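**Q** Encoded as structure tokens, here's the structure I'll be asking about.
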Amino acid sequence: MIETNVIPAFVNRGSFIELNGRERAQALFDKGSWRELVGPFDRVQSPWLPMQGVAPQADDGCIVIKGEIGGKPAVAISLESAFQGGSIGEVSGAKMSAALDLAARDSAAGKLTAAVLLLETGGVRLQEANLGLAAVAEVISSVLHLRQYAPVITVIAGTVGCFGGMSLAAGVSSYIVMTREARLGLNGPEVIEQESGIEEFDSSDRALIWAIHGGEQRVCMGLADALVEDRTDEIAAGVRGYVAKGLPDEHRSKQVALYRDRIAALDASAQIDPLQLRQQWGSEKSKGETR
Amino acid sequence: MEHIEFEYPNAQRRITNRAHVGVVGSGDMEVLFEPSEGAGAQVSITTSVNGFRDAWKAVFDRFFSKFDGSVRIQVNDAGATPGSVLLRLEQAVEALGQ
């Protein structure tokens with residue numbers, strides 16, 4: 001017999017992944033407190049895509065929303081994964097770094113403004129390669145500027161994952177929240193396979209990919225902070241918690257000695273086992289919240 | 001990529017709201033509805049798929065057989081099927097009413 005009460009519970013869980021980029025950002029804010037900056041009607045869109053025969057999007061796949069989270073000022077910058085794989089181009093990158101810079105300016109003036117980055121992205125948009133790379137550099141420097149004052153919280157929820165240049169932005173943020181479905185890595189599986197061969201990394205082996213890039217592994221290794229279910233209320237609560245908490249004791253990317261020692265201690269002569277790595281790295285010092 | 005424009009001079013009802021729905025993802029499109037600056041309705045389509053002007057015309061003729069708002073419509077399309085296009089347009093009309 002089918003347990004009919006199980007299905008509605010799952011269907012009605014309020015999936016975060018199933019929302020589009022705009023709805024994801026809106027869902028994080030206190031009701032009625034937010035407004036969108038440089039929205040689709042401002043038509044600040046990529047001038048480069050139409051030249052290459054690609055239809056642009058009126059917001060360039062980057063949604064900026066300003067408002068309050070748990071009563072505190074915050075800005076969310078959300079990448080729309082369905083548009084060009086959430087890739088960063090000149091315009092979307094400029095929107096992201098400008099929003100972070102405004103938050104830093106407000107924070108420096110005494111109005112602490114946290115930032116939430118919803119990173120569903122393959123990295124730099126290939127059609128705008130050099131401008132995209134420059135945008136990544138600007139975003140990273142903007143994150144580093146803002147995080148002196150207020151936390152920068154990265155959320156990676158969907159299966160597009162967060163790769164390439166934007167994984168660096170995730171790496172320098174104050175906290176990373178991931179679902180089990182999400183992935184985080186510098187090089188995506190197909191890039192590794194293409195560059196180093198299928199013996200190095202089989203990009204069709206999904207179990208292998210999630211064992212290395214997956215949210216659970218990243219959190220258990222201490223490279224991300226919280227593992228959440230794909231529920232809008234749970235993710236919003238997690239973000240609210242970090243906004244309320246403020247800055248971490250020490251940013252992960254400042255723990256250089258810790259990670260340098262860890263890398264030096266790895267034995268690369270044998271295949272490294274993901275589970276073993278969790279045991280070795282998932283120490284209290286890495287500040288990861290495991291469950 | 002192809003750029004297509006249509007005019008529907010008989011759509012005269014005044015519209016004051018704006019609406020934006022959809023995403024330029026594979027097999028989907030975004031559409032922006034705004035009050036028209038002149039008389040009638042203007043449609044401007046940017047589509048990544050070439051050679052379907054007649055299909056777009058048929059869909060919009062059908063849409064404006066029921067809708068009479070004086071709007072400026074912009075579509076950015078990544079290969080939405082005629083059925084999806086009509087659904088997105090109807091969704092935008094619904095959003096206009098909110």
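If you're wondering about the labels, chains in the structure tokens are A, B, ... by order shown, residues count from 1 in each chain, ligands from 1 in order shown.
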If you run DSSP on this backbone, which residues of chain B come out as strand (DSSP E or B), and could you give them as a VMD selection string?
**A** chain B and resid 2 to 8 13 19 to 22 29 to 35 41 to 47 69 71 to 77
**Q** Please provide the set of residues having any atom within 10 Å of Leu168 of chain A, restricted to only C-alpha atoms, with same-chain residues fewer than 4 positions apart removed, written as a list in words.
**A**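 So, after excluding close chain neighbours, the residues are Gly123, Val136, Ala137, Val139, Ile140, Cys162, Phe163, Gly164, Val172, Ser173, Leu184, Gly185, Leu186 and Ser253 of chain A.
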**Q** Write out the residues from the selection above, keeping C-alpha atoms, as an mmCIF file, in the first residue's frame.
**A**
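Written output follows (again-v7.cif):
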```cif
data_model
loop_
_atom_site.group_PDB
_atom_site.id
_atom_site.type_symbol
_atom_site.label_atom_id
_atom_site.label_comp_id
_atom_site.auth_asym_id
_atom_site.auth_seq_id
_atom_site.Cartn_x
_atom_site.Cartn_y
_atom_site.Cartn_z
ATOM 1 C CA GLY A 123 32.259 30.081 -13.535
ATOM 2 C CA VAL A 136 35.861 37.275 -10.900
ATOM 3 C CA ALA A 137 38.890 39.210 -9.642
ATOM 4 C CA VAL A 139 34.117 40.029 -7.012
ATOM 5 C CA ILE A 140 36.828 38.386 -4.903
ATOM 6 C CA CYS A 162 29.752 26.148 -7.990
ATOM 7 C CA PHE A 163 32.880 25.826 -10.120
ATOM 8 C CA GLY A 164 35.623 27.828 -11.756
ATOM 9 C CA VAL A 172 36.922 33.492 0.563
ATOM 10 C CA SER A 173 33.397 33.944 1.916
ATOM 11 C CA LEU A 184 31.796 22.769 -5.026
ATOM 12 C CA GLY A 185 35.163 22.611 -6.757
ATOM 13 C CA LEU A 186 37.665 24.668 -8.723
ATOM 14 C CA SER A 253 40.919 31.339 3.851
#
```
**Q** Got a sec to pull out which chain B residues are within 8 Å of chain A, counting only C-alpha atoms, and send them as a ChimeraX atom specification?
**A** /B:1,20,23-26,30,32,46-48,76-78
**Q** Out of segment 25-179 of chain A, which residues get helix (DSSP H, G or I) from DSSP, as a ChimeraX atom specification?
**A** /A:25-27,40-42,48-51,84-86,90-108,126-146,165-172
**Q** Nearest to Ser44 of chain B among B:Phe67, B:Arg72, B:Ile15, B:Glu94, with distances taken over only C-alpha atoms: which residue is it?
**A**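 Closest to Ser44 of chain B, using only C-alpha atoms: B:Arg72.
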**Q** With only C-alpha atoms as the counted atoms, please give the residues lying no more than 12 Å from segment 33-42 of chain B, apart from itself and same-chain residues fewer than 2 positions off, as a PyMOL selection string.
**A** (chain A and resi 40-42) or (chain B and resi 4-22+30-31+44-45+60-61+63-64+67-75+88-97)
**Q** Go ahead and save the picked residues with C-alpha atoms, as a short mmCIF file (atom, residue, chain, number, x, y, z; two decimals), in the first residue's frame.
**A**
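Listed below is the output, selection_1.cif:
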```
data_model
loop_
_atom_site.label_atom_id
_atom_site.label_comp_id
_atom_site.auth_asym_id
_atom_site.auth_seq_id
_atom_site.Cartn_x
_atom_site.Cartn_y
_atom_site.Cartn_z
CA PRO A 40 15.06 43.25 -15.63
CA PHE A 41 13.21 46.45 -16.62
CA ASP A 42 16.46 48.42 -16.31
CA ILE B 4 11.36 39.76 -34.94
CA GLU B 5 8.87 42.61 -34.43
CA PHE B 6 5.08 42.77 -34.62
CA GLU B 7 2.50 45.50 -34.10
CA TYR B 8 -1.06 45.06 -32.84
CA PRO B 9 -2.71 48.49 -33.27
CA ASN B 10 -6.13 47.28 -32.08
CA ALA B 11 -4.91 46.51 -28.54
CA GLN B 12 -5.99 49.78 -26.93
CA ARG B 13 -6.85 49.02 -23.27
CA ARG B 14 -4.63 51.06 -20.97
CA ILE B 15 -2.20 49.05 -18.86
CA THR B 16 -0.36 50.57 -15.88
CA ASN B 17 1.55 47.62 -14.43
CA ARG B 18 4.68 45.79 -15.48
CA ALA B 19 5.32 42.05 -15.43
CA HIS B 20 8.39 39.86 -15.88
CA VAL B 21 8.23 36.07 -16.02
CA GLY B 22 10.44 33.23 -17.23
CA GLU B 30 11.60 35.39 -20.51
CA VAL B 31 8.97 37.98 -21.30
CA SER B 44 9.87 42.61 -29.93
CA ILE B 45 11.38 39.12 -29.96
CA PHE B 60 0.93 36.28 -31.02
CA ASP B 61 -2.08 36.55 -33.37
CA PHE B 63 -2.70 35.77 -27.97
CA PHE B 64 -4.00 39.16 -29.18
CA PHE B 67 -5.76 40.09 -24.96
CA ASP B 68 -6.40 43.79 -25.73
CA GLY B 69 -3.87 45.57 -23.48
CA SER B 70 -1.77 48.39 -24.93
CA VAL B 71 1.61 46.95 -23.96
CA ARG B 72 5.18 46.79 -25.06
CA ILE B 73 6.26 43.14 -25.00
CA GLN B 74 9.86 42.01 -25.13
CA VAL B 75 10.72 38.34 -25.45
CA ARG B 88 4.49 32.28 -20.50
CA LEU B 89 2.39 35.04 -22.09
CA GLU B 90 -0.66 33.98 -20.10
CA GLN B 91 1.45 33.83 -16.95
CA ALA B 92 2.62 37.40 -17.62
CA VAL B 93 -0.97 38.58 -18.04
CA GLU B 94 -1.77 36.94 -14.69
CA ALA B 95 1.23 38.72 -13.12
CA LEU B 96 0.02 42.04 -14.61
CA GLY B 97 -3.23 41.63 -12.71
#
```
**Q** With a distance cut-off of 9 Å and only C-alpha atoms, select the neighbouring residues of Ser84 of chain B, excluding the residue or stretch itself and same-chain residues fewer than 3 positions from it, and output the selection as a ChimeraX atom specification.
**A** /B:27-29,80-81,87-89
**Q** Since we have the selection now, will you write its residues out, keeping N, CA and C atoms, as a PDB file, in the first residue's frame?
**A**
```
ATOM      1  N   GLY B  27      14.920  25.783 -23.956  1.00  0.00           N
ATOM      2  CA  GLY B  27      13.512  25.443 -24.136  1.00  0.00           C
ATOM      3  C   GLY B  27      12.559  26.373 -23.404  1.00  0.00           C
ATOM      4  N   ASP B  28      13.080  27.500 -22.953  1.00  0.00           N
ATOM      5  CA  ASP B  28      12.251  28.441 -22.186  1.00  0.00           C
ATOM      6  C   ASP B  28      12.541  29.854 -22.689  1.00  0.00           C
ATOM      7  N   MET B  29      11.872  30.826 -22.122  1.00  0.00           N
ATOM      8  CA  MET B  29      12.052  32.225 -22.527  1.00  0.00           C
ATOM      9  C   MET B  29      11.670  33.139 -21.379  1.00  0.00           C
ATOM     10  N   ALA B  80      11.896  28.157 -26.816  1.00  0.00           N
ATOM     11  CA  ALA B  80      10.625  27.719 -26.232  1.00  0.00           C
ATOM     12  C   ALA B  80       9.697  27.250 -27.357  1.00  0.00           C
ATOM     13  N   THR B  81       8.919  26.201 -27.091  1.00  0.00           N
ATOM     14  CA  THR B  81       7.957  25.711 -28.087  1.00  0.00           C
ATOM     15  C   THR B  81       6.746  26.651 -28.081  1.00  0.00           C
ATOM     16  N   LEU B  87       1.928  29.822 -22.809  1.00  0.00           N
ATOM     17  CA  LEU B  87       1.801  29.707 -21.348  1.00  0.00           C
ATOM     18  C   LEU B  87       2.529  30.841 -20.640  1.00  0.00           C
ATOM     19  N   ARG B  88       3.735  31.167 -21.106  1.00  0.00           N
ATOM     20  CA  ARG B  88       4.493  32.276 -20.501  1.00  0.00           C
ATOM     21  C   ARG B  88       3.747  33.596 -20.676  1.00  0.00           C
ATOM     22  N   LEU B  89       3.141  33.800 -21.858  1.00  0.00           N
ATOM     23  CA  LEU B  89       2.391  35.040 -22.094  1.00  0.00           C
ATOM     24  C   LEU B  89       1.188  35.125 -21.146  1.00  0.00           C
TER      25      LEU B  89
END
```
**Q** Between A:His213, A:Arg147, A:Arg206, A:Lys111, which residue has the minimum interatomic distance to Lys254 of chain A, considering only C-alpha atoms?
**A** A:Arg147
**Q** Considering only C-alpha atoms, return as a ChimeraX atom specification whatever protein or nucleic-acid residues lie within 7 Å of segment 13-19 of chain A, sequence-local ones (same chain, fewer than 3 positions apart) excluded.
**A** /A:9-10,23-24,157-158,230-232
**Q** Can I get the selection written as a JSON list (two decimals), in the first residue's frame, with N, CA and C atoms?
**A**
```json
[["chain", "number", "residue", "atom", "x", "y", "z"],
["A", 9, "ALA", "N", 4.07, 15.27, 2.00],
["A", 9, "ALA", "CA", 5.10, 15.85, 2.85],
["A", 9, "ALA", "C", 6.33, 16.20, 2.02],
["A", 10, "PHE", "N", 6.69, 15.30, 1.09],
["A", 10, "PHE", "CA", 7.86, 15.55, 0.25],
["A", 10, "PHE", "C", 7.57, 16.64, -0.77],
["A", 23, "GLU", "N", 13.41, 33.98, -7.20],
["A", 23, "GLU", "CA", 12.60, 33.49, -6.08],
["A", 23, "GLU", "C", 13.48, 33.01, -4.92],
["A", 24, "ARG", "N", 14.63, 32.42, -5.26],
["A", 24, "ARG", "CA", 15.55, 31.96, -4.21],
["A", 24, "ARG", "C", 16.01, 33.13, -3.35],
["A", 157, "ALA", "N", 23.08, 25.38, -3.73],
["A", 157, "ALA", "CA", 21.94, 24.50, -3.50],
["A", 157, "ALA", "C", 21.74, 23.48, -4.61],
["A", 158, "GLY", "N", 21.83, 23.92, -5.85],
["A", 158, "GLY", "CA", 21.40, 23.07, -6.96],
["A", 158, "GLY", "C", 22.52, 22.22, -7.52],
["A", 230, "ASP", "N", 17.15, 20.24, 1.09],
["A", 230, "ASP", "CA", 16.61, 21.13, 0.05],
["A", 230, "ASP", "C", 15.22, 21.61, 0.46],
["A", 231, "ARG", "N", 15.18, 22.42, 1.50],
["A", 231, "ARG", "CA", 13.92, 23.02, 1.98],
["A", 231, "ARG", "C", 14.15, 24.52, 2.11],
["A", 232, "THR", "N", 13.24, 25.30, 1.54],
["A", 232, "THR", "CA", 13.41, 26.75, 1.56],
["A", 232, "THR", "C", 13.49, 27.28, 2.99]]
```
**Q** For Ile65 of chain A, list every protein, DNA or RNA residue within 6 Å, evaluated using only C-alpha atoms, and leave out those in the same chain fewer than 4 positions away; present the list as a PDB file with N, CA and C atoms, in the first residue's frame.
**A**
```pdb
ATOM      1  N   ARG A  35      13.644  44.878  -1.830  1.00  0.00           N
ATOM      2  CA  ARG A  35      13.394  45.413  -3.170  1.00  0.00           C
ATOM      3  C   ARG A  35      14.541  44.984  -4.069  1.00  0.00           C
ATOM      4  N   GLU A  36      14.251  44.897  -5.374  1.00  0.00           N
ATOM      5  CA  GLU A  36      15.286  44.466  -6.310  1.00  0.00           C
ATOM      6  C   GLU A  36      16.026  45.670  -6.870  1.00  0.00           C
ATOM      7  N   LEU A  37      17.351  45.552  -6.991  1.00  0.00           N
ATOM      8  CA  LEU A  37      18.178  46.608  -7.566  1.00  0.00           C
ATOM      9  C   LEU A  37      18.605  46.199  -8.978  1.00  0.00           C
ATOM     10  N   VAL A  75      22.136  42.094   1.678  1.00  0.00           N
ATOM     11  CA  VAL A  75      21.924  42.090   0.242  1.00  0.00           C
ATOM     12  C   VAL A  75      22.177  40.662  -0.257  1.00  0.00           C
ATOM     13  N   ALA A  76      21.325  40.191  -1.153  1.00  0.00           N
ATOM     14  CA  ALA A  76      21.525  38.863  -1.740  1.00  0.00           C
ATOM     15  C   ALA A  76      21.805  39.021  -3.226  1.00  0.00           C
TER      16      ALA A  76
END
```
